[in-house]
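The structure appears right after this line, and notes come after that.
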Amino acid sequence: MRIFDPHIHMTSRTTDDYERMAAAGVRAVVEPAFWLGQPRTSPDSFADYFDSIIGWEPFRAGQFGVRHHATIALNPKEANDPRCRPVLDLLPRYLEKDQVVAVGEIGYDSMTPEEDEAFAAQLALAVAHDLPAMVHTPHRDKVRGVERSLAVVAESGIDPGRVVLDHLNEVTVGLVRDTGCWLGFSIYPDTKMSPPRMVELLRLHGTERMLVNSAADWGRSDPLLTRATGEAMLLAGFTDDDVDRVLWRNPAEFYGQSGRLDLTGLDPADGPPEGGGGTFAGNSILRGGS
Amino acid sequence: MTPERLRAALRGVPDPEWLDAARERVAAEPATIGRWFAAAARRCGRGPLSDLPGWTADEAARALLLAALPADHASHAADLYRHGDAAEKRAVLRALPLLPVGAAGAPLLHDAIRTNDTRLLAAALGPYARHLDPAAWRQAVLKCVFTGVPLALVHDLDARADGELAAMLGGLAAERRAAGRDVPADAAALLDRLAASTPGGPSPTARPDATEA
């Protein structure tokens with residue numbers, strides 16, 4: 001089972017996680033920029049964070065054979081802090097980088113006017129930089145949050161096929177299913193979605209434009225729940241091809257719209273990788289420090 | 001290395017017209033270099049250049065963009081390093097010997113050597129490392145051994161290696177032997193060469209050791 005986790009915050013995870021993920025079949029991840037639990041108070045903190053998720057983290061992932069890309073944005077929660085607003089001015093520079101495959105996470109947290117403004121401005125940046133957009137839907141007042149997010153997406157003029165609405169569930173899936181947007185589901189130990197509930201939604205709504213992620217971060221979460229969902233699908237009668245579509249081909253197609261997703265070398269059939277990653281001049285130089 | 005050799009090695013890139021147009025724009029409007037620099041790998045590829053061992057297409061293309069900067073705008077290189085992803089930072093480090101910046105790029109080497117990213121560490125030890133003082137250079141070489149960067153990538157290794165580096169490597173070898181771990185072959189070989197050239201210097205360490213698996 002090959003797995004592409006389209007939403008996971010590896011900055012918060014350990015090398016044990018990388019080892020277990022690689023052993024479970026996770027070969028590619030996308031790390032969306034989000035908040036870190038501790039609120040930041042200056043754009044410089046964001047610049048260092050963005051540099052980390054397009055620099056050090058891909059290097060760390062490469063040591064375990066995991067390909068790492070990122071999405072970059074000012075998240076909705078911190079968009080409410082006037083000290084963080086200048087982050088919007090940093091974004092154009094980052095949205096040109098090779099590792100960056102979407103604008104995100106954008107969207108709503110508390111649905112304030114400040115969030116409205118940051119959301120619309122960043123959808124415009126997605127269009128300007130020819131990137132897909134990754135929309136976080138709020139945990140509180142979720143139904144209205146999803147409805148309002150869809151309205152802002154429609155108003156922005158971005159192609160809905162280049163947008164994913166994430167953290168959906170049984171209550172919100174129907175709002176998005178026929179909009180042309182992609183649907184993201186975060187599988188969590190207690191909250192959000194569970195593997196059996198996810199399987200039920202796949203049975204009801206099919207596998208097209210469906211993305212399954214662990215959204216693992218610094219909270220209680222589990223980077224192997226993508227794998228657990230794949231296994232639950234098989235037990236429920238889905239085929240290997242269905243699982244491959246949901247856990248690999250769908251995220252590859254969605255982020256592939258950036259033109260910057262580089263999965264070469266992950267499949268033996270693709271031929272040798274093009275430089276970068278964990279090798280230098282064809283030789284592994286990653287014997288492990290100290 | 002010269003811009004002419006880099007350009008010749010890149011003649012087979014997917015989009016050579018893009019590269020030439022970008023170089024002209026950089027020469028005419030230096031402030032626009034950021035956008036060209038970021039896009040260079042997507043336009044020119046990332047694979048190794050068969051005519052220029054040790055260089056990849058993106059590194060060579062980015063070095064050419066930097067070399068196209070007017071002399072009084074060469075300081076853009078530091079900004080591109082500061083705001084670059086790892087591949088962009090590597091390209092700046094490798095391009096430093098081509099730029100009219102004197103020793104002003106040395107702080108970039110120090111930054112790269114502070115990281116644990118072996119790609120950056122290796123790129124910091126090219127010809128421009130002559131601007132590193134001996135203490136910083138020795139520490140960087142030792143860090144290569146620690147992190148697994150092949151010493152063959154260190155420019156002028158044998159010419160600069162001295163008794164102090166031999167003492168530091170000897171200490172590392174002793175720690176590794178005490179722990180029952182291997183001493184990387186290239187480090188052991190360097191230590192042997194240094195011992196041979198320094199009468200009374202540290203004794204060779206490459207001999208088989210009963211504690212090593």
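Residues in the structure tokens are named by chain (A, B, ... in the order shown) and by number from 1 within that chain; ligands are numbered from 1 in the order shown.
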
Between chain B and chain A, at 10 Å or less, what are the per-residue closest atom pairs and their distances in Å? Count only C-alpha atoms, order by chain and rising residue number, and return it as JSON lines.
```
{"residue": "B:Gly34", "atom": "CA", "partner": "A:Arg93", "partner_atom": "CA", "distance": 7.8}
{"residue": "B:Arg35", "atom": "CA", "partner": "A:Glu96", "partner_atom": "CA", "distance": 6.9}
{"residue": "B:Trp36", "atom": "CA", "partner": "A:Glu96", "partner_atom": "CA", "distance": 9.3}
{"residue": "B:Phe37", "atom": "CA", "partner": "A:Lys97", "partner_atom": "CA", "distance": 9.3}
{"residue": "B:Ala38", "atom": "CA", "partner": "A:Lys97", "partner_atom": "CA", "distance": 5.5}
{"residue": "B:Ala39", "atom": "CA", "partner": "A:Glu96", "partner_atom": "CA", "distance": 6.8}
{"residue": "B:Ala40", "atom": "CA", "partner": "A:Asp98", "partner_atom": "CA", "distance": 9.2}
{"residue": "B:Ala41", "atom": "CA", "partner": "A:Asp98", "partner_atom": "CA", "distance": 7.6}
{"residue": "B:Arg42", "atom": "CA", "partner": "A:Asp98", "partner_atom": "CA", "distance": 7.3}
{"residue": "B:Gly45", "atom": "CA", "partner": "A:Glu274", "partner_atom": "CA", "distance": 8.3}
{"residue": "B:Arg46", "atom": "CA", "partner": "A:Glu274", "partner_atom": "CA", "distance": 5.7}
{"residue": "B:Gly47", "atom": "CA", "partner": "A:Glu274", "partner_atom": "CA", "distance": 4.8}
{"residue": "B:Pro48", "atom": "CA", "partner": "A:Gly275", "partner_atom": "CA", "distance": 6.8}
{"residue": "B:Pro53", "atom": "CA", "partner": "A:Ala281", "partner_atom": "CA", "distance": 8.4}
{"residue": "B:Gly54", "atom": "CA", "partner": "A:Ala281", "partner_atom": "CA", "distance": 6.3}
{"residue": "B:Trp55", "atom": "CA", "partner": "A:Ala281", "partner_atom": "CA", "distance": 8.4}
{"residue": "B:Thr56", "atom": "CA", "partner": "A:Gly275", "partner_atom": "CA", "distance": 7.5}
{"residue": "B:Ala57", "atom": "CA", "partner": "A:Gly275", "partner_atom": "CA", "distance": 9.6}
{"residue": "B:Asp58", "atom": "CA", "partner": "A:Gly275", "partner_atom": "CA", "distance": 9.9}
{"residue": "B:Arg82", "atom": "CA", "partner": "A:Asp51", "partner_atom": "CA", "distance": 9.2}
{"residue": "B:His83", "atom": "CA", "partner": "A:Asp51", "partner_atom": "CA", "distance": 7.6}
{"residue": "B:Gly84", "atom": "CA", "partner": "A:Asp51", "partner_atom": "CA", "distance": 7.7}
{"residue": "B:Asp85", "atom": "CA", "partner": "A:Gly55", "partner_atom": "CA", "distance": 5.3}
{"residue": "B:Ala86", "atom": "CA", "partner": "A:Gly55", "partner_atom": "CA", "distance": 5.1}
{"residue": "B:Ala87", "atom": "CA", "partner": "A:Gly276", "partner_atom": "CA", "distance": 7.7}
{"residue": "B:Glu88", "atom": "CA", "partner": "A:Lys97", "partner_atom": "CA", "distance": 9.3}
{"residue": "B:Lys89", "atom": "CA", "partner": "A:Gly55", "partner_atom": "CA", "distance": 9.5}
{"residue": "B:Thr115", "atom": "CA", "partner": "A:Trp56", "partner_atom": "CA", "distance": 8.7}
{"residue": "B:Asn116", "atom": "CA", "partner": "A:Trp56", "partner_atom": "CA", "distance": 8.4}
{"residue": "B:Asp117", "atom": "CA", "partner": "A:Phe59", "partner_atom": "CA", "distance": 6.9}
{"residue": "B:Thr118", "atom": "CA", "partner": "A:Ile285", "partner_atom": "CA", "distance": 7.3}
{"residue": "B:Arg119", "atom": "CA", "partner": "A:Phe280", "partner_atom": "CA", "distance": 7.2}
{"residue": "B:Ala122", "atom": "CA", "partner": "A:Phe280", "partner_atom": "CA", "distance": 9.2}
{"residue": "B:Lys143", "atom": "CA", "partner": "A:Ser290", "partner_atom": "CA", "distance": 8.5}
{"residue": "B:Cys144", "atom": "CA", "partner": "A:Gly289", "partner_atom": "CA", "distance": 9.2}
{"residue": "B:Val145", "atom": "CA", "partner": "A:Ser290", "partner_atom": "CA", "distance": 8.6}
{"residue": "B:Phe146", "atom": "CA", "partner": "A:Ser290", "partner_atom": "CA", "distance": 4.9}
{"residue": "B:Thr147", "atom": "CA", "partner": "A:Gly289", "partner_atom": "CA", "distance": 4.2}
{"residue": "B:Gly148", "atom": "CA", "partner": "A:Ile285", "partner_atom": "CA", "distance": 5.1}
{"residue": "B:Val149", "atom": "CA", "partner": "A:Ile285", "partner_atom": "CA", "distance": 5.3}
{"residue": "B:Pro150", "atom": "CA", "partner": "A:Ile285", "partner_atom": "CA", "distance": 7.0}
{"residue": "B:Leu172", "atom": "CA", "partner": "A:Ser290", "partner_atom": "CA", "distance": 9.7}
{"residue": "B:Arg176", "atom": "CA", "partner": "A:Ser290", "partner_atom": "CA", "distance": 9.7}
{"residue": "B:Pro184", "atom": "CA", "partner": "A:Arg287", "partner_atom": "CA", "distance": 9.8}
```

Just the residues within 10 Å of Pro223 (chain A), please, counting only C-alpha atoms, with nothing from its chain fewer than 4 positions along; format it as a list in words.
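Using only C-alpha atoms, the neighbours found are Asp5, His7, Ile8, His9, Met10, Arg13, Asp17, Tyr18, Arg20, Met21, Ala24, Val26, Ile187, Tyr188, Asn213, Ser214, Ala215, Ala216, Asp217, Arg227 and Ala228 of chain A.
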
What lies within 12 Å of Glu29 (chain B) using only C-alpha atoms, ignoring chain neighbours under 3 positions off, as a ChimeraX atom specification?
/B:21-26,32-36,65,68-70,73,76

Quick one: of B:Pro127, B:Gly102, B:Gly180, B:Pro134, who's nearest to Glu164 (chain B), counting only C-alpha atoms?
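Among B:Pro127, B:Gly102, B:Gly180, B:Pro134, it is B:Pro134 that comes nearest to Glu164 (chain B).
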
Check the DSSP output for the backbone and give back, as a ChimeraX atom specification, the residues of region 56-193 of chain B in helix (DSSP H, G or I).
/B:57-67,71-73,76-82,86-98,106-114,118-123,127-131,134-147,151-153,157-160,163-178,185-193

Enter the distance from CA of Arg114 (chain B) to CA of Asp162 (chain B), in Å, rounded to one decimal.
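Atom-to-atom, CA of Arg114 (chain B) to CA of Asp162 (chain B), that is 22.2 Å.
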
Extract the full set of strand (DSSP E or B) residues from region 16-121 of chain A according to DSSP on the backbone, and format it as an MDAnalysis selection string.
chainID A and resid 26:32 67:72 100:107

Those same residues, written as a short mmCIF file (atom, residue, chain, number, x, y, z; two decimals), in the first residue's frame with N, CA, C and O atoms?
```cif
data_model
loop_
_atom_site.label_atom_id
_atom_site.label_comp_id
_atom_site.auth_asym_id
_atom_site.auth_seq_id
_atom_site.Cartn_x
_atom_site.Cartn_y
_atom_site.Cartn_z
N VAL A 26 4.00 5.09 3.87
CA VAL A 26 3.90 6.53 3.57
C VAL A 26 5.17 6.96 2.85
O VAL A 26 6.27 6.87 3.38
N ARG A 27 5.01 7.39 1.60
CA ARG A 27 6.18 7.74 0.79
C ARG A 27 6.19 9.21 0.40
O ARG A 27 7.18 9.70 -0.15
N ALA A 28 5.08 9.90 0.63
CA ALA A 28 5.03 11.33 0.29
C ALA A 28 4.10 12.02 1.28
O ALA A 28 3.10 11.43 1.72
N VAL A 29 4.45 13.25 1.63
CA VAL A 29 3.61 14.04 2.53
C VAL A 29 3.55 15.48 2.03
O VAL A 29 4.46 15.95 1.34
N VAL A 30 2.47 16.17 2.39
CA VAL A 30 2.42 17.62 2.24
C VAL A 30 2.21 18.22 3.62
O VAL A 30 1.33 17.78 4.38
N GLU A 31 3.05 19.19 3.96
CA GLU A 31 2.98 19.85 5.26
C GLU A 31 2.41 21.25 5.07
O GLU A 31 3.08 22.14 4.57
N PRO A 32 1.14 21.47 5.45
CA PRO A 32 0.59 22.81 5.33
C PRO A 32 1.10 23.71 6.46
O PRO A 32 1.26 23.25 7.60
N ARG A 67 9.09 11.74 0.62
CA ARG A 67 9.16 13.00 -0.13
C ARG A 67 8.26 14.03 0.53
O ARG A 67 7.11 13.73 0.86
N HIS A 68 8.78 15.24 0.74
CA HIS A 68 8.08 16.26 1.53
C HIS A 68 7.87 17.52 0.69
O HIS A 68 8.83 18.07 0.15
N HIS A 69 6.62 17.96 0.59
CA HIS A 69 6.31 19.26 0.00
C HIS A 69 5.54 20.07 1.04
O HIS A 69 5.18 19.55 2.10
N ALA A 70 5.26 21.34 0.72
CA ALA A 70 4.60 22.20 1.71
C ALA A 70 3.54 23.07 1.04
O ALA A 70 3.54 23.24 -0.18
N THR A 71 2.62 23.56 1.86
CA THR A 71 1.76 24.66 1.43
C THR A 71 2.06 25.83 2.36
O THR A 71 2.43 25.63 3.51
N ILE A 72 1.95 27.04 1.84
CA ILE A 72 2.35 28.24 2.59
C ILE A 72 1.17 29.21 2.66
O ILE A 72 0.48 29.43 1.66
N VAL A 100 6.71 24.32 -2.84
CA VAL A 100 5.39 24.82 -2.43
C VAL A 100 4.35 24.43 -3.47
O VAL A 100 4.41 24.87 -4.61
N VAL A 101 3.39 23.59 -3.07
CA VAL A 101 2.44 23.01 -4.01
C VAL A 101 1.02 23.54 -3.84
O VAL A 101 0.11 23.10 -4.54
N ALA A 102 0.80 24.47 -2.90
CA ALA A 102 -0.51 25.10 -2.74
C ALA A 102 -0.40 26.28 -1.79
O ALA A 102 0.60 26.43 -1.08
N VAL A 103 -1.44 27.11 -1.79
CA VAL A 103 -1.60 28.15 -0.77
C VAL A 103 -2.45 27.53 0.34
O VAL A 103 -3.54 27.02 0.08
N GLY A 104 -1.97 27.54 1.57
CA GLY A 104 -2.76 26.95 2.65
C GLY A 104 -1.98 26.85 3.96
O GLY A 104 -0.76 27.02 3.94
N GLU A 105 -2.63 26.58 5.07
CA GLU A 105 -4.05 26.51 5.24
C GLU A 105 -4.64 27.91 5.35
O GLU A 105 -4.20 28.70 6.18
N ILE A 106 -5.66 28.15 4.52
CA ILE A 106 -6.40 29.41 4.60
C ILE A 106 -7.81 29.06 5.03
O ILE A 106 -8.13 27.88 5.26
N GLY A 107 -8.69 30.06 5.16
CA GLY A 107 -10.07 29.77 5.53
C GLY A 107 -10.45 30.47 6.83
O GLY A 107 -9.99 31.57 7.10
#
```

Find the distance between CA of Phe254 (chain A) and CA of Thr179 (chain A) and write it in Å to one decimal.
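These two atoms are separated by 15.4 Å.
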
Go ahead and compute the interatomic distance for CA of Ala252 (chain A) and CA of Pro6 (chain A), in Å to one decimal.
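Pair CA of Ala252 (chain A) / CA of Pro6 (chain A) returns 8.6 Å.
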
May I ask which of the residues A:Arg162, A:Arg197, A:Arg83, A:Lys77 is the closest one to Val127 (chain A), counting only C-alpha atoms?
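Residue with the minimum atom-to-atom distance to Val127 (chain A): A:Arg162.
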
List as a list in words the protein and nucleic acid residues near Leu142 (chain B), meaning an atom at most 9 Å away when only C-alpha atoms are counted, but skip any in the same chain fewer than 6 places from it.
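Surrounding residues, per the criterion: Leu165, Met168, Leu169, Leu172 and Ala187 of chain B.
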
Quick one: everything within 10 Å of Ala63 (chain B), counting only C-alpha atoms, minus sequence neighbours fewer than 4 positions away in the same chain. Send it as a ChimeraX atom specification.
/B:2-3,6-7,37,57-59,67-68,77,88,90-99

Could you write out the selected residues, including N, CA and C atoms, as a compact mmCIF listing (two decimals), in the first residue's frame?
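Result saved to part.txt:
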```txt
# COMPACT_ATOMS: atom_id res chain seq x y z
N THR B 2 33.86 28.77 -14.61
CA THR B 2 33.55 30.04 -15.28
C THR B 2 32.10 29.98 -15.79
N PRO B 3 31.48 31.16 -15.98
CA PRO B 3 30.12 31.16 -16.54
C PRO B 3 30.07 30.47 -17.91
N LEU B 6 29.77 26.77 -17.40
CA LEU B 6 28.44 26.43 -16.91
C LEU B 6 27.43 26.48 -18.05
N ARG B 7 27.52 27.55 -18.84
CA ARG B 7 26.54 27.70 -19.94
C ARG B 7 26.70 26.57 -20.95
N PHE B 37 15.30 33.15 -10.12
CA PHE B 37 16.10 32.23 -9.31
C PHE B 37 15.22 31.10 -8.77
N ALA B 57 21.83 20.68 -12.93
CA ALA B 57 21.34 21.71 -13.86
C ALA B 57 20.84 22.93 -13.11
N ASP B 58 20.09 22.72 -12.02
CA ASP B 58 19.55 23.88 -11.31
C ASP B 58 20.65 24.71 -10.66
N GLU B 59 21.65 24.04 -10.12
CA GLU B 59 22.76 24.81 -9.52
C GLU B 59 23.48 25.65 -10.57
N ALA B 67 25.78 35.22 -11.75
CA ALA B 67 26.92 35.79 -12.47
C ALA B 67 26.48 36.88 -13.44
N ALA B 68 25.17 36.88 -13.79
CA ALA B 68 24.66 37.90 -14.73
C ALA B 68 24.37 39.22 -14.01
N ALA B 77 23.08 38.34 -3.86
CA ALA B 77 23.35 36.93 -3.55
C ALA B 77 23.04 36.62 -2.09
N GLU B 88 18.26 26.47 -3.43
CA GLU B 88 18.68 27.83 -3.77
C GLU B 88 19.91 28.24 -2.95
N ARG B 90 22.15 26.26 -1.74
CA ARG B 90 23.30 25.53 -2.28
C ARG B 90 23.86 26.22 -3.52
N ALA B 91 22.95 26.68 -4.36
CA ALA B 91 23.40 27.33 -5.60
C ALA B 91 24.17 28.61 -5.30
N VAL B 92 23.71 29.38 -4.32
CA VAL B 92 24.43 30.61 -3.96
C VAL B 92 25.83 30.25 -3.45
N LEU B 93 25.89 29.25 -2.58
CA LEU B 93 27.20 28.87 -2.02
C LEU B 93 28.17 28.47 -3.14
N ARG B 94 27.66 27.72 -4.10
CA ARG B 94 28.54 27.23 -5.16
C ARG B 94 28.94 28.34 -6.12
N ALA B 95 28.08 29.38 -6.20
CA ALA B 95 28.36 30.47 -7.14
C ALA B 95 29.31 31.51 -6.56
N LEU B 96 29.52 31.50 -5.26
CA LEU B 96 30.31 32.58 -4.63
C LEU B 96 31.66 32.83 -5.30
N PRO B 97 32.41 31.77 -5.71
CA PRO B 97 33.70 32.07 -6.34
C PRO B 97 33.58 32.83 -7.66
N LEU B 98 32.39 32.83 -8.25
CA LEU B 98 32.21 33.52 -9.55
C LEU B 98 31.86 34.99 -9.37
N LEU B 99 31.57 35.41 -8.14
CA LEU B 99 30.99 36.74 -7.94
C LEU B 99 32.03 37.73 -7.41
```
